[in-house]
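J.: My file is start.cif. It has mmCIF, C-alpha atoms and all ligand atoms:
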data_target
loop_
_atom_site.label_atom_id
_atom_site.label_comp_id
_atom_site.auth_asym_id
_atom_site.auth_seq_id
_atom_site.Cartn_x
_atom_site.Cartn_y
_atom_site.Cartn_z
CA MET F 59 124.19 6.13 -33.23
CA GLU F 60 121.19 4.26 -34.61
CA SER F 61 117.63 5.10 -33.55
CA LEU F 62 115.45 2.76 -31.53
CA PHE F 63 113.52 2.00 -34.72
CA THR F 64 116.70 1.10 -36.62
CA TYR F 65 117.69 -1.14 -33.73
CA ILE F 66 114.32 -2.95 -33.82
CA ARG F 67 114.51 -3.25 -37.61
CA ARG F 68 117.98 -4.78 -37.41
CA GLN F 69 116.68 -7.39 -34.95
CA LEU F 70 113.64 -8.34 -37.01
CA ASP F 71 114.72 -7.94 -40.62
CA THR F 72 115.55 -11.59 -41.27
CA GLN F 73 111.91 -12.48 -40.58
CA TYR F 74 109.77 -9.45 -41.51
CA SER F 75 109.48 -6.84 -44.28
CA VAL F 76 110.15 -3.17 -43.48
CA THR F 77 106.43 -2.39 -43.72
CA GLU F 78 105.67 -5.14 -41.22
CA ILE F 79 108.46 -3.94 -38.92
CA LYS F 80 107.13 -0.36 -38.99
CA SER F 81 103.70 -1.52 -37.98
CA LEU F 82 104.99 -3.98 -35.34
CA ALA F 83 107.37 -1.39 -33.84
CA SER F 84 104.63 1.18 -33.53
CA ILE F 85 102.24 -1.34 -31.90
CA ILE F 86 104.91 -2.51 -29.43
CA CYS F 87 105.82 1.03 -28.46
CA SER F 88 102.31 2.37 -28.03
CA ASP F 89 100.61 -0.71 -26.53
CA SER F 90 103.19 -2.32 -24.28
CA LEU F 91 105.94 0.19 -23.61
CA ASN F 92 104.44 3.62 -23.48
CA ILE F 93 107.06 4.93 -25.86
CA SER F 94 105.97 7.69 -28.24
CA THR F 95 106.43 7.54 -32.03
CA ILE F 96 108.90 10.42 -31.79
CA GLU F 97 110.97 8.50 -29.25
CA LEU F 98 110.82 5.42 -31.52
CA TYR F 99 112.35 7.27 -34.48
CA THR F 100 114.65 9.75 -32.72
CA GLY F 101 115.48 8.10 -29.38
CA LYS F 102 118.13 5.43 -28.99
CA TYR F 103 117.85 1.89 -27.69
CA THR F 104 120.82 2.59 -25.41
CA ASP F 105 118.89 5.47 -23.76
CA LEU F 106 116.01 3.25 -22.64
CA SER F 107 115.56 2.31 -19.00
CA ALA F 108 116.76 -1.20 -18.15
CA ASP F 109 113.18 -2.23 -17.62
CA LYS F 110 111.99 -1.07 -21.05
CA ALA F 111 115.05 -2.49 -22.80
CA GLN F 112 114.36 -5.86 -21.22
CA LYS F 113 110.70 -5.73 -22.25
CA ILE F 114 111.65 -4.93 -25.84
CA GLN F 115 114.11 -7.84 -25.92
CA TYR F 116 111.42 -10.21 -24.69
CA ILE F 117 108.91 -8.99 -27.30
CA LEU F 118 111.47 -9.15 -30.13
CA GLU F 119 112.33 -12.71 -29.21
CA ARG F 120 108.66 -13.71 -29.37
CA LEU F 121 108.27 -11.95 -32.73
CA LEU F 122 111.30 -13.82 -34.07
CA HIS F 123 109.39 -17.00 -33.22
CA HIS F 124 106.47 -15.60 -35.26
CA GLU F 125 104.12 -15.30 -32.35
CA PRO F 126 101.18 -13.14 -33.47
CA ILE F 127 101.51 -9.59 -32.14
CA GLN F 128 97.96 -9.82 -30.78
CA TYR F 129 98.98 -12.65 -28.42
CA ILE F 130 102.09 -10.72 -27.38
CA ILE F 131 100.22 -7.58 -26.44
CA GLY F 132 97.23 -9.67 -25.28
CA THR F 133 94.44 -7.82 -27.09
CA THR F 134 92.97 -7.09 -30.49
CA ILE F 135 90.32 -4.73 -31.83
CA PHE F 136 87.19 -6.28 -33.36
CA CYS F 137 84.10 -4.26 -34.33
CA ASN F 138 85.63 -1.29 -32.49
CA LEU F 139 85.80 -3.26 -29.23
CA THR F 140 88.95 -4.41 -27.45
CA PHE F 141 89.08 -8.18 -26.93
CA LYS F 142 91.52 -10.10 -24.78
CA VAL F 143 93.13 -12.89 -26.83
CA THR F 144 95.44 -15.74 -25.81
CA PRO F 145 96.61 -18.83 -27.72
CA ASP F 146 93.45 -20.54 -26.40
CA VAL F 147 91.35 -18.57 -28.88
CA LEU F 148 91.55 -17.67 -32.56
CA ILE F 149 92.45 -14.04 -33.24
CA PRO F 150 89.27 -12.43 -34.61
CA ARG F 151 89.54 -11.70 -38.35
CA PRO F 152 88.28 -8.69 -40.33
CA GLU F 153 86.15 -11.02 -42.49
CA THR F 154 84.23 -11.96 -39.37
CA GLU F 155 83.45 -8.29 -38.72
CA GLU F 156 81.57 -8.38 -42.03
CA LEU F 157 79.50 -11.29 -40.72
CA VAL F 158 78.65 -9.35 -37.54
CA ASN F 159 77.77 -6.25 -39.57
CA LEU F 160 75.46 -8.22 -41.87
CA ILE F 161 73.58 -9.77 -38.94
CA THR F 162 73.37 -6.38 -37.23
CA HIS F 163 71.88 -4.73 -40.32
CA GLU F 164 69.38 -7.49 -41.04
CA ASN F 165 67.95 -7.88 -37.53
CA ASN F 166 66.68 -5.85 -34.63
CA GLY F 167 64.63 -5.96 -31.44
CA LYS F 168 64.25 -8.78 -28.95
CA VAL F 169 65.74 -11.60 -30.99
CA SER F 170 67.46 -14.61 -29.45
CA ILE F 171 70.84 -15.43 -30.94
CA LEU F 172 73.09 -18.47 -30.61
CA ASP F 173 76.79 -18.38 -31.60
CA ILE F 174 78.23 -21.89 -32.02
CA GLY F 175 81.99 -22.17 -31.44
CA THR F 176 82.26 -18.75 -29.88
CA GLY F 177 86.02 -18.72 -29.08
CA SER F 178 86.96 -15.29 -27.72
CA GLY F 179 83.25 -14.42 -27.85
CA CYS F 180 83.93 -11.79 -30.52
CA ILE F 181 80.80 -12.52 -32.61
CA ALA F 182 78.41 -12.98 -29.67
CA ILE F 183 79.67 -9.97 -27.73
CA SER F 184 79.74 -7.60 -30.73
CA LEU F 185 76.21 -8.68 -31.67
CA ASN F 186 75.05 -8.09 -28.10
CA LYS F 187 76.65 -4.63 -28.21
CA ASN F 188 75.06 -3.80 -31.61
CA LEU F 189 71.66 -5.34 -30.78
CA PRO F 190 71.24 -4.46 -27.10
CA GLU F 191 67.71 -5.90 -26.84
CA ALA F 192 68.80 -9.31 -28.14
CA SER F 193 69.46 -12.21 -25.80
CA VAL F 194 72.70 -13.81 -26.90
CA THR F 195 74.12 -17.24 -26.09
CA GLY F 196 77.61 -18.48 -26.96
CA TRP F 197 78.68 -22.12 -27.00
CA ASP F 198 82.14 -23.59 -27.13
CA ILE F 199 83.63 -27.01 -26.46
CA SER F 200 86.77 -25.43 -24.96
CA LYS F 201 86.70 -24.45 -21.27
CA LYS F 202 89.79 -22.32 -21.82
CA ALA F 203 88.13 -20.38 -24.64
CA LEU F 204 85.02 -19.86 -22.48
CA LYS F 205 87.19 -18.31 -19.78
CA ILE F 206 88.46 -15.72 -22.26
CA ALA F 207 84.95 -15.14 -23.64
CA THR F 208 83.62 -14.59 -20.10
CA TYR F 209 86.43 -12.16 -19.36
CA ASN F 210 85.59 -10.21 -22.55
CA ASN F 211 81.88 -10.25 -21.73
CA ASN F 212 82.55 -8.67 -18.31
CA ASN F 213 85.15 -6.27 -19.60
CA ILE F 214 82.99 -5.00 -22.48
CA LYS F 215 79.94 -5.03 -20.18
CA THR F 216 77.73 -7.16 -22.37
CA ASN F 217 75.37 -9.82 -21.19
CA VAL F 218 76.08 -12.93 -23.25
CA ASN F 219 75.27 -16.27 -21.70
CA PHE F 220 78.28 -18.54 -22.35
CA LYS F 221 77.94 -22.32 -22.03
CA GLU F 222 80.21 -25.31 -22.50
CA ARG F 223 78.64 -27.35 -25.32
CA ASP F 224 79.89 -29.78 -27.93
CA ILE F 225 77.71 -29.53 -31.03
CA PHE F 226 78.39 -33.22 -31.78
CA ASN F 227 77.36 -34.27 -28.31
CA LEU F 228 74.48 -32.14 -27.14
CA PRO F 229 72.64 -33.09 -23.97
CA PRO F 230 69.44 -35.03 -24.81
CA ASN F 231 66.11 -33.18 -24.82
CA THR F 232 67.58 -29.73 -25.42
CA SER F 233 64.55 -27.80 -26.51
CA GLU F 234 66.04 -24.29 -26.69
CA GLN F 235 64.84 -22.24 -29.68
CA PHE F 236 66.67 -19.34 -31.31
CA ASP F 237 65.73 -16.70 -33.89
CA ILE F 238 69.27 -16.54 -35.23
CA ILE F 239 72.06 -19.08 -35.25
CA VAL F 240 75.53 -17.99 -36.31
CA SER F 241 78.75 -19.94 -36.55
CA ASN F 242 82.32 -19.52 -37.73
CA PRO F 243 83.38 -23.14 -37.25
CA PRO F 244 86.78 -24.66 -38.14
CA TYR F 245 87.05 -24.76 -41.94
CA VAL F 246 90.70 -24.77 -43.00
CA THR F 247 91.62 -28.08 -44.67
CA GLU F 248 94.86 -29.92 -43.91
CA LYS F 249 95.81 -29.34 -47.58
CA GLU F 250 95.61 -25.58 -47.08
CA LYS F 251 98.15 -25.74 -44.24
CA GLU F 252 100.97 -25.39 -46.79
CA GLU F 253 99.89 -21.86 -47.67
CA MET F 254 99.47 -20.67 -44.10
CA GLN F 255 101.59 -18.12 -42.26
CA PRO F 256 103.69 -19.49 -39.36
CA GLU F 257 101.84 -17.09 -37.01
CA VAL F 258 98.60 -18.96 -37.72
CA LEU F 259 99.95 -22.46 -38.19
CA TYR F 260 102.16 -22.70 -35.11
CA HIS F 261 100.47 -20.35 -32.66
CA GLU F 262 96.71 -20.26 -33.13
CA PRO F 263 94.56 -23.10 -31.73
CA SER F 264 94.28 -25.94 -34.28
CA ILE F 265 90.99 -27.01 -32.75
CA ALA F 266 89.46 -23.72 -33.95
CA LEU F 267 90.93 -23.87 -37.44
CA PHE F 268 91.39 -27.27 -39.01
CA VAL F 269 89.19 -29.92 -40.54
CA GLU F 270 90.12 -33.20 -42.20
CA ASP F 271 90.50 -33.08 -45.98
CA ASN F 272 88.05 -35.98 -46.37
CA ASP F 273 85.22 -34.21 -44.54
CA PRO F 274 85.78 -30.44 -44.56
CA LEU F 275 82.11 -29.58 -44.05
CA ARG F 276 81.29 -31.78 -41.06
CA TYR F 277 80.60 -28.81 -38.77
CA TYR F 278 78.31 -27.24 -41.36
CA ARG F 279 76.26 -30.43 -41.81
CA ARG F 280 75.95 -30.88 -38.06
CA ILE F 281 75.02 -27.26 -37.37
CA ALA F 282 72.58 -27.11 -40.31
CA LYS F 283 70.81 -30.20 -39.00
CA TYR F 284 70.66 -28.77 -35.49
CA ALA F 285 69.51 -25.35 -36.75
CA SER F 286 66.73 -26.91 -38.84
CA LYS F 287 65.12 -27.88 -35.52
CA ALA F 288 66.37 -25.23 -33.09
CA LEU F 289 65.52 -22.18 -35.20
CA THR F 290 62.12 -20.59 -34.81
CA THR F 291 59.94 -20.40 -37.96
CA ASP F 292 61.64 -17.99 -40.38
CA GLY F 293 64.68 -17.99 -38.09
CA LYS F 294 67.99 -17.23 -39.77
CA LEU F 295 71.22 -19.16 -40.07
CA TYR F 296 74.51 -17.36 -40.81
CA PHE F 297 77.78 -19.16 -41.52
CA GLU F 298 81.29 -17.92 -42.14
CA ILE F 299 82.73 -20.31 -44.73
CA ASN F 300 85.86 -21.48 -46.46
CA GLN F 301 85.94 -19.54 -49.73
CA HIS F 302 86.26 -22.76 -51.73
CA PHE F 303 83.06 -24.34 -50.43
CA GLY F 304 80.30 -21.79 -51.01
CA LYS F 305 78.29 -24.00 -53.35
CA GLU F 306 78.75 -27.14 -51.24
CA THR F 307 77.65 -25.32 -48.08
CA ALA F 308 74.58 -23.96 -49.87
CA GLU F 309 73.74 -27.53 -50.96
CA ILE F 310 73.86 -28.72 -47.35
CA LEU F 311 71.29 -26.07 -46.47
CA GLN F 312 69.10 -27.07 -49.42
CA LYS F 313 69.09 -30.64 -48.16
CA GLU F 314 67.91 -29.41 -44.77
CA HIS F 315 65.09 -27.49 -46.54
CA PHE F 316 66.33 -23.98 -45.77
CA LYS F 317 65.03 -21.19 -48.03
CA GLU F 318 66.43 -17.85 -49.29
CA ILE F 319 69.95 -19.30 -49.38
CA ARG F 320 72.59 -16.67 -50.20
CA ILE F 321 76.33 -16.92 -50.79
CA LEU F 322 77.99 -13.58 -50.01
CA LYS F 323 81.49 -12.31 -50.76
CA ASP F 324 83.97 -10.60 -48.42
CA PHE F 325 85.95 -7.45 -49.33
CA TYR F 326 88.54 -9.60 -51.15
CA GLN F 327 85.71 -10.86 -53.36
CA ASN F 328 85.96 -14.37 -51.92
CA ASP F 329 82.84 -16.33 -50.98
CA ARG F 330 82.79 -15.89 -47.20
CA ILE F 331 79.25 -15.99 -45.81
CA VAL F 332 76.32 -18.30 -46.41
CA ALA F 333 73.00 -17.18 -44.99
CA ALA F 334 69.59 -18.85 -45.09
CA VAL F 335 66.13 -18.84 -43.57
CA ARG F 336 64.46 -21.83 -41.95
N1 LIG E 401 89.61 -17.33 -41.55
C1 LIG E 401 90.48 -18.05 -40.69
C2 LIG E 401 91.86 -18.18 -41.32
O1 LIG E 401 92.01 -17.91 -42.47
C3 LIG E 401 89.91 -19.43 -40.38
C4 LIG E 401 88.74 -19.36 -39.48
C5 LIG E 401 88.07 -20.69 -39.31
O2 LIG E 401 88.63 -21.78 -39.51
N2 LIG E 401 86.87 -20.63 -38.92
O3 LIG E 401 92.82 -18.50 -40.67
#
Would you mind writing the file's structure down as structure tokens?

T.:
Amino acid sequence: MESLFTYIRRQLDTQYSVTEIKSLASIICSDSLNISTIELYTGKYTDLSADKAQKIQYILERLLHHEPIQYIIGTTIFCNLTFKVTPDVLIPRPETEELVNLITHENNGKVSILDIGTGSGCIAISLNKNLPEASVTGWDISKKALKIATYNNNNIKTNVNFKERDIFNLPPNTSEQFDIIVSNPPYVTEKEKEEMQPEVLYHEPSIALFVEDNDPLRYYRRIAKYASKALTTDGKLYFEINQHFGKETAEILQKEHFKEIRILKDFYQNDRIVAAVR
């Protein structure tokens, strides 16, 4: 008789490689089913309780539709913290951890930080955890995303102030000032859709990902303009960027008279962060 693992592999092997199946099977068993690795490889599907068998079937079906495993189990790890994620928010990426680490290493003390387009709150909350004296604000246009961010803020016991704000439609006379502004805005062009995994393309929120081919940097121009006024003197701006637009993003910051503009690479050696000083 085949093992539980072999059973899972047989169900998924039209859609996933063996390496992917190994990792998915181990996540499903440990996170949602309380089944040990030994049971996965030596136990049998037919020996499972009706309840667990039904749960596995449900998860396998969702995986066959290429739902991201993080949405299926409902959480992901980012900067060593566990974040709730739903299809209302982008799944935090490892590249974005590098952005958080950079800001953490370059700043300290009672700084005020604004995260524009906060989504799950992963950047704002991790920064608040790493820089406990900072006062951190997170903005998003999506009420649904803000609900998740607020849940994560309570669950991780941080103190971020989340607000519903549209960067293109800010209330008049906002005079708030920040020492640091950070943003990972939508930056994937429609053209790049062809190369994307179905997990991303069909399940993650388009509003957090995509920009029109004819104006891929509109968020960056808008945020740079806003930051040139809302940052304190020598305040810092940090962007996560589309790897193909490092130079163009730096030029936007030059136009807004930022200084010390840097283009930094991620661990795949792609341009991923642009940082500057007001
Ligand atoms: N890095 C993400 C991806 O590749 C995109 C994040 C974004 O658009 N800000 O899917």

J.: Please measure the separation of CA of Lys102 in chain F and CA of Tyr65 in chain F, giving the value in Å to one decimal.

T.: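 Rounded to one decimal, the two atoms are 8.1 Å apart.
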
J.: Could you list, as a list in words, all protein and nucleic acid residues with an atom at most 8 Å from ligand LIG 401 (chain E), counting all atoms listed in the file?

T.: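 Based on all atoms listed in the file, ligand LIG 401 (chain E) is surrounded within 8 Å by Leu148, Arg151, Glu153, Thr154, Asn242, Pro243, Pro244, Tyr245, Val246, Met254, Val258, Ala266, Leu267, Phe268, Glu298, Ile299 and Asn300 of chain F.
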
J.: Using C-alpha atoms, can you write the selected residues to a file as a PDB file, in the frame of the given file?

T.:
ATOM      1  CA  LEU F 148      91.550 -17.670 -32.560  1.00  0.00           C
ATOM      2  CA  ARG F 151      89.540 -11.700 -38.350  1.00  0.00           C
ATOM      3  CA  GLU F 153      86.150 -11.020 -42.490  1.00  0.00           C
ATOM      4  CA  THR F 154      84.230 -11.960 -39.370  1.00  0.00           C
ATOM      5  CA  ASN F 242      82.320 -19.520 -37.730  1.00  0.00           C
ATOM      6  CA  PRO F 243      83.380 -23.140 -37.250  1.00  0.00           C
ATOM      7  CA  PRO F 244      86.780 -24.660 -38.140  1.00  0.00           C
ATOM      8  CA  TYR F 245      87.050 -24.760 -41.940  1.00  0.00           C
ATOM      9  CA  VAL F 246      90.700 -24.770 -43.000  1.00  0.00           C
ATOM     10  CA  MET F 254      99.470 -20.670 -44.100  1.00  0.00           C
ATOM     11  CA  VAL F 258      98.600 -18.960 -37.720  1.00  0.00           C
ATOM     12  CA  ALA F 266      89.460 -23.720 -33.950  1.00  0.00           C
ATOM     13  CA  LEU F 267      90.930 -23.870 -37.440  1.00  0.00           C
ATOM     14  CA  PHE F 268      91.390 -27.270 -39.010  1.00  0.00           C
ATOM     15  CA  GLU F 298      81.290 -17.920 -42.140  1.00  0.00           C
ATOM     16  CA  ILE F 299      82.730 -20.310 -44.730  1.00  0.00           C
ATOM     17  CA  ASN F 300      85.860 -21.480 -46.460  1.00  0.00           C
TER      18      ASN F 300
END

J.: Here is a test: counting only C-alpha atoms, which residue of F:Glu262, F:Phe63, F:Ile225, F:Thr100 is nearest to Gln128 in chain F?

T.: F:Glu262

J.: For each of F:Glu257, F:Asp105, F:Glu250, F:Glu191, take the minimum atom-to-atom distance to Gln73 in chain F, counting only C-alpha atoms, then give the residue where this is smallest.

T.: F:Glu257

J.: Identify, on the basis of only C-alpha atoms, every residue whose closest approach to Gln312 in chain F does not exceed 12 Å; exclude the query and any residue fewer than 2 positions from it along the same chain; express the result as a PyMOL selection string.

T.: chain F and resi 279+282-283+286+305-310+314-320+332-336

J.: Would you pick out the contacts of Asp273 in chain F at 10 Å or less, using only C-alpha atoms, so that residues sharing its chain but fewer than 4 positions from it are not included, and give the list as a compact mmCIF listing (two decimals) with C-alpha atoms, in the frame of the given file?

T.:
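So the final result, stored in result_26.txt, reads:
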# COMPACT_ATOMS: atom_id res chain seq x y z
CA TYR F 245 87.05 -24.76 -41.94
CA THR F 247 91.62 -28.08 -44.67
CA VAL F 269 89.19 -29.92 -40.54
CA TYR F 277 80.60 -28.81 -38.77

J.: Calculated over all atoms listed in the file, which of the candidates F:Lys251, F:Lys142, F:Lys110, F:His163 has the smallest distance to Asn211 in chain F?

T.: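 Under the stated criterion, the closest residue is F:Lys142.
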
J.: Quick one: everything within 9 Å of Asn166 in chain F, counting only C-alpha atoms, minus sequence neighbours fewer than 2 positions away in the same chain. Send it as a VMD selection string.

T.: chain F and resid 162 to 164 168 to 169 189 to 192

J.: Provide the CA of Ser264 in chain F to CA of Thr195 in chain F distance in Å, to one decimal place.

T.: 23.4 Å

J.: Considering all atoms listed in the file, give me a table of residues in range 118-190 of chain F that are at most 10 Å from range 82-91 of chain F, with the closest atom pair and distance in Å for each, as JSON lines.

T.:
{"residue": "F:Leu118", "atom": "CA", "partner": "F:Ile86", "partner_atom": "CA", "distance": 9.4}
{"residue": "F:Leu121", "atom": "CA", "partner": "F:Leu82", "partner_atom": "CA", "distance": 9.0}
{"residue": "F:Ile127", "atom": "CA", "partner": "F:Leu82", "partner_atom": "CA", "distance": 7.3}
{"residue": "F:Gln128", "atom": "CA", "partner": "F:Ile85", "partner_atom": "CA", "distance": 9.6}
{"residue": "F:Ile130", "atom": "CA", "partner": "F:Ile86", "partner_atom": "CA", "distance": 8.9}
{"residue": "F:Ile131", "atom": "CA", "partner": "F:Ser90", "partner_atom": "CA", "distance": 6.4}
{"residue": "F:Gly132", "atom": "CA", "partner": "F:Ser90", "partner_atom": "CA", "distance": 9.5}
{"residue": "F:Thr133", "atom": "CA", "partner": "F:Asp89", "partner_atom": "CA", "distance": 9.4}

J.: Go ahead and write the selection's residues with C-alpha atoms as a PDB file, keeping the file's coordinate frame.

T.:
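Output below, filename selection_32.pdb:
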ATOM      1  CA  LEU F 118     111.470  -9.150 -30.130  1.00  0.00           C
ATOM      2  CA  LEU F 121     108.270 -11.950 -32.730  1.00  0.00           C
ATOM      3  CA  ILE F 127     101.510  -9.590 -32.140  1.00  0.00           C
ATOM      4  CA  GLN F 128      97.960  -9.820 -30.780  1.00  0.00           C
ATOM      5  CA  ILE F 130     102.090 -10.720 -27.380  1.00  0.00           C
ATOM      6  CA  ILE F 131     100.220  -7.580 -26.440  1.00  0.00           C
ATOM      7  CA  GLY F 132      97.230  -9.670 -25.280  1.00  0.00           C
ATOM      8  CA  THR F 133      94.440  -7.820 -27.090  1.00  0.00           C
TER       9      THR F 133
END

J.: Measuring between all atoms listed in the file, which one of F:Thr290, F:Thr140, F:Ser178, F:Gln301 shows the shortest distance to Glu234 in chain F?

T.: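 The shortest atom-to-atom distance to Glu234 in chain F comes from F:Thr290.
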
J.: Which one of F:Leu157, F:Ile174, F:Ala285, F:Leu139 sits closest to Gly196 in chain F if you count all atoms listed in the file?

T.: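 With all atoms listed in the file as the atom set, the closest residue is F:Ile174.
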
J.: CA of Pro274 in chain F and CA of Asn231 in chain F, how far apart in Å?

T.: 28.0 Å

J.: With all atoms listed in the file as the counted atoms, please give the residues lying no more than 8 Å from Tyr129 in chain F, apart from itself and same-chain residues fewer than 3 positions off, as JSON, numbers by chain.

T.: {"F": [125, 126, 132, 133, 143, 144, 145]}

J.: Using only C-alpha atoms, collect all residues at a distance of at most 12 Å from (84.1, -9.9, -42.9) as written in the file, then present them as number ranges by chain.

T.: F: 136-137, 150-161, 181, 242, 297-299, 301, 322-332

J.: Find the spatial neighbours of range 220-222 of chain F, counting all atoms listed in the file, within a cut-off of 9 Å - ignore same-chain residues fewer than 2 positions away - and output them as a short mmCIF file (atom, residue, chain, number, x, y, z; two decimals) with C-alpha atoms, in the coordinates of the input.

T.:
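Heads up, here's the output in selection_14.cif:
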data_model
loop_
_atom_site.label_atom_id
_atom_site.label_comp_id
_atom_site.auth_asym_id
_atom_site.auth_seq_id
_atom_site.Cartn_x
_atom_site.Cartn_y
_atom_site.Cartn_z
CA THR F 176 82.26 -18.75 -29.88
CA GLY F 179 83.25 -14.42 -27.85
CA VAL F 194 72.70 -13.81 -26.90
CA THR F 195 74.12 -17.24 -26.09
CA GLY F 196 77.61 -18.48 -26.96
CA TRP F 197 78.68 -22.12 -27.00
CA ASP F 198 82.14 -23.59 -27.13
CA ILE F 199 83.63 -27.01 -26.46
CA SER F 200 86.77 -25.43 -24.96
CA LYS F 201 86.70 -24.45 -21.27
CA LEU F 204 85.02 -19.86 -22.48
CA ALA F 207 84.95 -15.14 -23.64
CA THR F 208 83.62 -14.59 -20.10
CA VAL F 218 76.08 -12.93 -23.25
CA ASP F 224 79.89 -29.78 -27.93
#

J.: Choose the residue, out of F:Thr95, F:Ile281, F:Cys180, F:Lys113, that has the smallest atom-to-atom separation from Leu311 in chain F; count all atoms listed in the file.

T.: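 The shortest atom-to-atom distance to Leu311 in chain F comes from F:Ile281.
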
J.: Kindly add N, CA and C atoms to the incomplete range 289-303 of chain F and provide the output as a PDB file, keeping the file's coordinate frame.

T.:
ATOM      1  N   LEU F 289      65.920 -23.534 -34.794  1.00  0.00           N
ATOM      2  CA  LEU F 289      65.520 -22.180 -35.200  1.00  0.00           C
ATOM      3  C   LEU F 289      64.009 -22.051 -35.140  1.00  0.00           C
ATOM      4  N   THR F 290      63.549 -20.878 -34.760  1.00  0.00           N
ATOM      5  CA  THR F 290      62.120 -20.590 -34.810  1.00  0.00           C
ATOM      6  C   THR F 290      61.708 -20.487 -36.288  1.00  0.00           C
ATOM      7  N   THR F 291      60.403 -20.523 -36.573  1.00  0.00           N
ATOM      8  CA  THR F 291      59.940 -20.400 -37.960  1.00  0.00           C
ATOM      9  C   THR F 291      60.447 -19.091 -38.542  1.00  0.00           C
ATOM     10  N   ASP F 292      61.011 -19.147 -39.745  1.00  0.00           N
ATOM     11  CA  ASP F 292      61.640 -17.990 -40.380  1.00  0.00           C
ATOM     12  C   ASP F 292      62.892 -17.502 -39.658  1.00  0.00           C
ATOM     13  N   GLY F 293      63.408 -18.316 -38.740  1.00  0.00           N
ATOM     14  CA  GLY F 293      64.680 -17.990 -38.090  1.00  0.00           C
ATOM     15  C   GLY F 293      65.819 -18.046 -39.095  1.00  0.00           C
ATOM     16  N   LYS F 294      66.911 -17.374 -38.788  1.00  0.00           N
ATOM     17  CA  LYS F 294      67.990 -17.230 -39.770  1.00  0.00           C
ATOM     18  C   LYS F 294      69.277 -17.910 -39.325  1.00  0.00           C
ATOM     19  N   LEU F 295      69.935 -18.504 -40.314  1.00  0.00           N
ATOM     20  CA  LEU F 295      71.220 -19.160 -40.070  1.00  0.00           C
ATOM     21  C   LEU F 295      72.296 -18.397 -40.846  1.00  0.00           C
ATOM     22  N   TYR F 296      73.389 -18.062 -40.174  1.00  0.00           N
ATOM     23  CA  TYR F 296      74.510 -17.360 -40.810  1.00  0.00           C
ATOM     24  C   TYR F 296      75.797 -18.127 -40.566  1.00  0.00           C
ATOM     25  N   PHE F 297      76.499 -18.466 -41.640  1.00  0.00           N
ATOM     26  CA  PHE F 297      77.780 -19.160 -41.520  1.00  0.00           C
ATOM     27  C   PHE F 297      78.908 -18.311 -42.096  1.00  0.00           C
ATOM     28  N   GLU F 298      80.062 -18.300 -41.421  1.00  0.00           N
ATOM     29  CA  GLU F 298      81.290 -17.920 -42.140  1.00  0.00           C
ATOM     30  C   GLU F 298      81.817 -19.198 -42.774  1.00  0.00           C
ATOM     31  N   ILE F 299      82.318 -19.091 -44.007  1.00  0.00           N
ATOM     32  CA  ILE F 299      82.730 -20.310 -44.730  1.00  0.00           C
ATOM     33  C   ILE F 299      84.125 -20.204 -45.327  1.00  0.00           C
ATOM     34  N   ASN F 300      84.663 -21.351 -45.643  1.00  0.00           N
ATOM     35  CA  ASN F 300      85.860 -21.480 -46.460  1.00  0.00           C
ATOM     36  C   ASN F 300      85.501 -21.037 -47.880  1.00  0.00           C
ATOM     37  N   GLN F 301      86.277 -20.112 -48.437  1.00  0.00           N
ATOM     38  CA  GLN F 301      85.940 -19.540 -49.730  1.00  0.00           C
ATOM     39  C   GLN F 301      85.771 -20.570 -50.855  1.00  0.00           C
ATOM     40  N   HIS F 302      86.350 -21.750 -50.665  1.00  0.00           N
ATOM     41  CA  HIS F 302      86.260 -22.760 -51.730  1.00  0.00           C
ATOM     42  C   HIS F 302      84.996 -23.617 -51.656  1.00  0.00           C
ATOM     43  N   PHE F 303      84.193 -23.429 -50.612  1.00  0.00           N
ATOM     44  CA  PHE F 303      83.060 -24.340 -50.430  1.00  0.00           C
ATOM     45  C   PHE F 303      81.701 -23.641 -50.370  1.00  0.00           C
TER      46      PHE F 303
END
